[in-house]
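Novice: Contents are PDB, C-alpha atoms; file name entry33.pdb:
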ATOM      1  CA  MET A  15      31.297  93.868 157.616
ATOM      2  CA  LYS A  16      33.807  95.469 155.229
ATOM      3  CA  ILE A  17      31.220  98.032 154.174
ATOM      4  CA  ARG A  18      30.599  99.035 157.812
ATOM      5  CA  LEU A  19      34.321  99.317 158.460
ATOM      6  CA  PHE A  20      34.820 101.402 155.325
ATOM      7  CA  SER A  21      31.814 103.598 156.195
ATOM      8  CA  ALA A  22      33.110 104.182 159.730
ATOM      9  CA  PHE A  23      36.551 105.077 158.360
ATOM     10  CA  ALA A  24      35.102 107.432 155.732
ATOM     11  CA  LEU A  25      32.912 109.189 158.304
ATOM     12  CA  GLY A  26      35.895 109.545 160.640
ATOM     13  CA  VAL A  27      37.961 111.157 157.893
ATOM     14  CA  LEU A  28      35.107 113.501 156.967
ATOM     15  CA  PHE A  29      34.662 114.712 160.543
ATOM     16  CA  LEU A  30      38.323 114.820 161.611
ATOM     17  CA  ALA A  31      39.883 116.344 158.498
ATOM     18  CA  PRO A  32      38.211 119.768 158.848
ATOM     19  CA  ALA A  33      39.281 119.932 162.502
ATOM     20  CA  LEU A  34      42.897 119.189 161.602
ATOM     21  CA  VAL A  35      42.889 121.690 158.740
ATOM     22  CA  GLN A  36      41.221 124.313 160.941
ATOM     23  CA  GLY A  37      43.861 123.876 163.664
ATOM     24  CA  GLN A  38      46.702 124.317 161.213
ATOM     25  CA  SER A  39      45.106 127.259 159.441
ATOM     26  CA  GLU A  40      44.474 128.880 162.825
ATOM     27  CA  LEU A  41      48.208 128.739 163.602
ATOM     28  CA  ASP A  42      49.012 130.014 160.113
ATOM     29  CA  ARG A  43      46.671 132.965 160.654
ATOM     30  CA  LEU A  44      48.306 133.654 164.010
ATOM     31  CA  GLU A  45      51.731 133.586 162.409
ATOM     32  CA  ASP A  46      50.589 136.031 159.721
ATOM     33  CA  LYS A  47      49.128 138.436 162.277
ATOM     34  CA  ILE A  48      52.167 138.318 164.541
ATOM     35  CA  SER A  49      54.760 138.517 161.781
ATOM     36  CA  HIS A  50      53.017 141.455 160.039
ATOM     37  CA  HIS A  51      52.624 143.300 163.332
ATOM     38  CA  LEU A  52      56.232 142.692 164.412
ATOM     39  CA  GLU A  53      57.598 143.635 160.984
ATOM     40  CA  THR A  54      56.026 147.080 161.390
ATOM     41  CA  LYS A  55      56.959 147.501 165.072
ATOM     42  CA  MET A  56      60.453 145.985 164.923
ATOM     43  CA  PRO A  57      61.901 146.968 161.523
ATOM     44  CA  GLY A  58      65.200 145.340 160.641
ATOM     45  CA  TRP A  59      64.505 142.119 162.526
ATOM     46  CA  LYS A  60      64.550 138.906 160.465
ATOM     47  CA  HIS A  61      61.809 136.326 160.880
ATOM     48  CA  LYS A  62      61.811 132.573 160.449
ATOM     49  CA  ARG A  63      59.165 130.012 161.333
ATOM     50  CA  GLY A  64      60.479 127.041 163.271
ATOM     51  CA  GLU A  65      59.542 123.421 162.846
ATOM     52  CA  PRO A  66      58.120 121.377 165.732
ATOM     53  CA  MET A  67      60.653 119.171 167.481
ATOM     54  CA  PRO A  68      60.344 115.503 166.521
ATOM     55  CA  GLY A  69      58.014 113.661 168.867
ATOM     56  CA  THR A  70      56.206 116.813 170.017
ATOM     57  CA  SER A  71      52.822 118.200 169.119
ATOM     58  CA  LYS A  72      52.504 119.797 165.713
ATOM     59  CA  ASP A  73      49.962 122.225 167.202
ATOM     60  CA  VAL A  74      52.668 124.657 168.298
ATOM     61  CA  LEU A  75      53.641 127.787 166.435
ATOM     62  CA  THR A  76      57.325 128.607 166.855
ATOM     63  CA  GLU A  77      58.846 131.771 165.430
ATOM     64  CA  PHE A  78      62.411 133.030 165.601
ATOM     65  CA  TRP A  79      63.306 136.706 165.290
ATOM     66  CA  SER A  80      66.892 137.894 164.997
ATOM     67  CA  GLY A  81      68.682 141.208 164.761
ATOM     68  CA  SER A  82      71.889 142.898 165.929
ATOM     69  CA  ASN A  83      73.327 139.991 167.942
ATOM     70  CA  ARG A  84      69.976 139.276 169.557
ATOM     71  CA  ALA A  85      67.521 136.410 168.997
ATOM     72  CA  VAL A  86      63.955 135.994 170.235
ATOM     73  CA  LYS A  87      61.902 132.805 170.202
ATOM     74  CA  ILE A  88      58.106 132.949 170.416
ATOM     75  CA  SER A  89      56.189 129.708 170.912
ATOM     76  CA  ILE A  90      52.395 129.649 170.933
ATOM     77  CA  MET A  91      50.418 126.684 172.190
ATOM     78  CA  PRO A  92      46.667 126.600 171.583
ATOM     79  CA  HIS A  93      44.512 124.834 174.167
ATOM     80  CA  LYS A  94      40.947 123.577 173.960
ATOM     81  CA  SER A  95      39.705 126.298 176.300
ATOM     82  CA  ALA A  96      40.860 129.355 178.214
ATOM     83  CA  GLU A  97      40.504 127.356 181.432
ATOM     84  CA  GLU A  98      42.796 124.617 180.133
ATOM     85  CA  ALA A  99      45.338 127.267 179.086
ATOM     86  CA  ARG A 100      45.109 128.893 182.546
ATOM     87  CA  GLN A 101      45.708 125.550 184.253
ATOM     88  CA  SER A 102      48.673 124.872 181.983
ATOM     89  CA  ILE A 103      50.366 128.157 182.925
ATOM     90  CA  GLU A 104      49.552 127.620 186.587
ATOM     91  CA  GLU A 105      51.231 124.210 186.443
ATOM     92  CA  PHE A 106      54.165 125.636 184.460
ATOM     93  CA  VAL A 107      55.087 128.324 187.019
ATOM     94  CA  LYS A 108      53.937 126.473 190.112
ATOM     95  CA  TYR A 109      57.358 125.288 191.245
ATOM     96  CA  ASP A 110      59.466 128.142 189.885
ATOM     97  CA  ARG A 111      60.576 130.200 192.891
ATOM     98  CA  GLU A 112      62.076 132.890 190.692
ATOM     99  CA  LYS A 113      59.001 134.256 188.967
ATOM    100  CA  GLU A 114      57.302 137.608 188.795
ATOM    101  CA  HIS A 115      53.668 138.329 187.982
ATOM    102  CA  LEU A 116      53.436 140.770 185.043
ATOM    103  CA  LYS A 117      50.629 143.103 184.021
ATOM    104  CA  GLY A 118      49.718 144.254 180.528
ATOM    105  CA  PHE A 119      50.656 141.083 178.639
ATOM    106  CA  GLY A 120      47.349 139.299 178.310
ATOM    107  CA  ASP A 121      44.967 137.584 180.693
ATOM    108  CA  GLU A 122      47.860 136.575 182.972
ATOM    109  CA  ALA A 123      51.614 136.683 182.608
ATOM    110  CA  TYR A 124      54.830 135.810 184.388
ATOM    111  CA  ALA A 125      58.515 136.537 184.004
ATOM    112  CA  TRP A 126      60.689 133.547 184.847
ATOM    113  CA  GLY A 127      64.063 132.009 184.165
ATOM    114  CA  TYR A 128      67.533 133.564 184.144
ATOM    115  CA  GLY A 129      67.243 137.107 185.445
ATOM    116  CA  LEU A 130      63.462 136.886 184.931
ATOM    117  CA  SER A 131      64.217 137.303 181.238
ATOM    118  CA  ASN A 132      61.613 134.861 179.870
ATOM    119  CA  VAL A 133      57.922 135.672 179.586
ATOM    120  CA  VAL A 134      54.929 133.368 179.523
ATOM    121  CA  PHE A 135      51.442 134.782 179.086
ATOM    122  CA  ARG A 136      47.952 133.638 178.277
ATOM    123  CA  ARG A 137      45.632 135.340 175.831
ATOM    124  CA  GLY A 138      42.337 133.478 175.805
ATOM    125  CA  ARG A 139      43.096 129.861 175.014
ATOM    126  CA  PHE A 140      46.621 130.559 173.758
ATOM    127  CA  ASN A 141      49.739 130.283 175.919
ATOM    128  CA  VAL A 142      52.685 132.253 174.597
ATOM    129  CA  TYR A 143      56.287 131.637 175.647
ATOM    130  CA  VAL A 144      58.959 134.228 174.804
ATOM    131  CA  SER A 145      62.675 133.791 175.401
ATOM    132  CA  THR A 146      65.650 135.819 174.259
ATOM    133  CA  VAL A 147      69.386 135.463 173.786
ATOM    134  CA  ALA A 148      71.595 138.556 173.740
ATOM    135  CA  ASP A 149      75.204 138.226 172.537
ATOM    136  CA  VAL A 150      76.674 141.381 174.072
ATOM    137  CA  GLU A 151      80.269 140.358 173.278
ATOM    138  CA  ASP A 152      79.752 141.713 169.759
ATOM    139  CA  ASP A 153      78.275 145.054 170.873
ATOM    140  CA  ALA A 154      80.280 148.050 169.687
ATOM    141  CA  ASP A 155      81.272 149.044 173.223
ATOM    142  CA  ALA A 156      81.754 145.528 174.635
ATOM    143  CA  ARG A 157      85.490 146.016 175.180
ATOM    144  CA  ALA A 158      84.794 148.912 177.534
ATOM    145  CA  LEU A 159      82.542 146.791 179.743
ATOM    146  CA  SER A 160      83.720 144.746 182.695
ATOM    147  CA  PRO A 161      82.648 141.087 182.888
ATOM    148  CA  ALA A 162      79.985 142.106 185.433
ATOM    149  CA  GLY A 163      78.865 144.915 183.118
ATOM    150  CA  LYS A 164      78.549 142.507 180.189
ATOM    151  CA  ASN A 165      76.557 140.099 182.326
ATOM    152  CA  GLU A 166      74.210 142.867 183.506
ATOM    153  CA  ARG A 167      73.716 144.119 179.939
ATOM    154  CA  MET A 168      72.959 140.595 178.739
ATOM    155  CA  ARG A 169      70.300 140.070 181.424
ATOM    156  CA  SER A 170      68.722 143.490 180.952
ATOM    157  CA  GLU A 171      68.664 143.139 177.143
ATOM    158  CA  MET A 172      67.126 139.672 177.352
ATOM    159  CA  LYS A 173      64.461 140.876 179.771
ATOM    160  CA  ARG A 174      63.709 144.033 177.775
ATOM    161  CA  LEU A 175      63.401 142.227 174.451
ATOM    162  CA  SER A 176      61.327 139.344 175.833
ATOM    163  CA  GLN A 177      58.858 141.794 177.326
ATOM    164  CA  GLU A 178      58.776 143.984 174.212
ATOM    165  CA  PHE A 179      58.138 141.033 171.895
ATOM    166  CA  ALA A 180      55.564 139.582 174.321
ATOM    167  CA  LYS A 181      53.596 142.849 174.330
ATOM    168  CA  HIS A 182      53.643 142.966 170.532
ATOM    169  CA  ALA A 183      52.561 139.311 170.309
ATOM    170  CA  ALA A 184      49.685 139.927 172.750
ATOM    171  CA  THR A 185      48.530 142.891 170.677
ATOM    172  CA  ALA A 186      48.833 140.942 167.423
ATOM    173  CA  ILE A 187      46.789 137.998 168.703
ATOM    174  CA  ASP A 188      43.850 140.373 169.210
ATOM    175  CA  LEU A 189      44.049 141.842 165.712
ATOM    176  CA  PRO A 190      41.246 140.934 163.295
TER
END
Could you take the file, read its structure, and then write that structure out as structure tokens?
Specialist:
Amino acid sequence: MKIRLFSAFALGVLFLAPALVQGQSELDRLEDKISHHLETKMPGWKHKRGEPMPGTSKDVLTEFWSGSNRAVKISIMPHKSAEEARQSIEEFVKYDREKEHLKGFGDEAYAWGYGLSNVVFRRGRFNVYVSTVADVEDDADARALSPAGKNERMRSEMKRLSQEFAKHAATAIDLP
């Protein structure tokens, strides 16, 4: 009985270990492709890989990019299939009244959130979420802006950067 139990355990480890290693190395390869691509397209931006939040799936790649009072977060979630990824995005935006369908960001994409400044897109079986924070109070000309002007700049900067980083991420995912 102990031999059967040990054999079953050993076989389980042999078959599951490569799948776990492959999943992690796949995210590492994605990070390498995206970070190298963004480093060339967005010089001067600093990059840091984030850690998964406790209690959440470890199969999420989270990257933070920062530069000149701006910060961008890119989260990539792999799914088992493109269809599962499509359903996940569909469910994600289903109840959001403030969303906009975007073109040129992957297989499907939406802007959502504050001022439509966040982007979610699907490329194959990967869902990519991009969000941005823009601290316009520290811009060189911030004193000359009215409160409404600062608010408009913040929204437009967040939207512009989220879309720019999303396009670069979509391109990088397709790189060899």
Novice: From the list A:Lys173, A:Arg167, A:Lys181, A:Lys62, which residue is nearest Tyr128 (chain A) when using only C-alpha atoms?
Specialist: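 Using only C-alpha atoms, the shortest distance to Tyr128 (chain A) belongs to A:Lys173.
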Novice: Residues at most 12 Å from His50 (chain A), counting only C-alpha atoms, excluding those fewer than 3 positions away in the same chain, as a compact mmCIF listing (two decimals) with C-alpha atoms, keeping the file's coordinate frame?
Specialist:
# COMPACT_ATOMS: atom_id res chain seq x y z
CA ARG A 43 46.67 132.96 160.65
CA LEU A 44 48.31 133.65 164.01
CA GLU A 45 51.73 133.59 162.41
CA ASP A 46 50.59 136.03 159.72
CA LYS A 47 49.13 138.44 162.28
CA GLU A 53 57.60 143.64 160.98
CA THR A 54 56.03 147.08 161.39
CA LYS A 55 56.96 147.50 165.07
CA MET A 56 60.45 145.99 164.92
CA PRO A 57 61.90 146.97 161.52
CA TRP A 59 64.50 142.12 162.53
CA LYS A 60 64.55 138.91 160.46
CA HIS A 61 61.81 136.33 160.88
CA HIS A 182 53.64 142.97 170.53
CA ALA A 183 52.56 139.31 170.31
CA THR A 185 48.53 142.89 170.68
CA ALA A 186 48.83 140.94 167.42
CA ILE A 187 46.79 138.00 168.70
CA LEU A 189 44.05 141.84 165.71
Novice: Which one is closest to Ala154 (chain A): A:Pro66, A:Ser82, A:Phe140, A:Glu40? Count all atoms listed in the file.
Specialist: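 Closest residue, counting all atoms listed in the file: A:Ser82.
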Novice: Write out as CSV the residues of region 26-110 of chain A that have any atom within 9 Å of an atom of region 174-177 of chain A, one row each with the nearest atom pair and its distance in Å to one decimal, counting only C-alpha atoms, sorted by chain and then rising number.
Specialist:
residue,atom,partner,partner_atom,distance
A:Arg84,CA,A:Leu175,CA,8.7
A:Ala85,CA,A:Leu175,CA,9.0
A:Val86,CA,A:Ser176,CA,7.0
A:Lys87,CA,A:Ser176,CA,8.6
A:Ile88,CA,A:Ser176,CA,9.0
Novice: Name all residues at most 10 Å from Ser102 (chain A) (count all atoms listed in the file; drop same-chain ones fewer than 4 positions away) and give them as a PyMOL selection string.
Specialist: chain A and resi 93+96-98+106-108+136+141
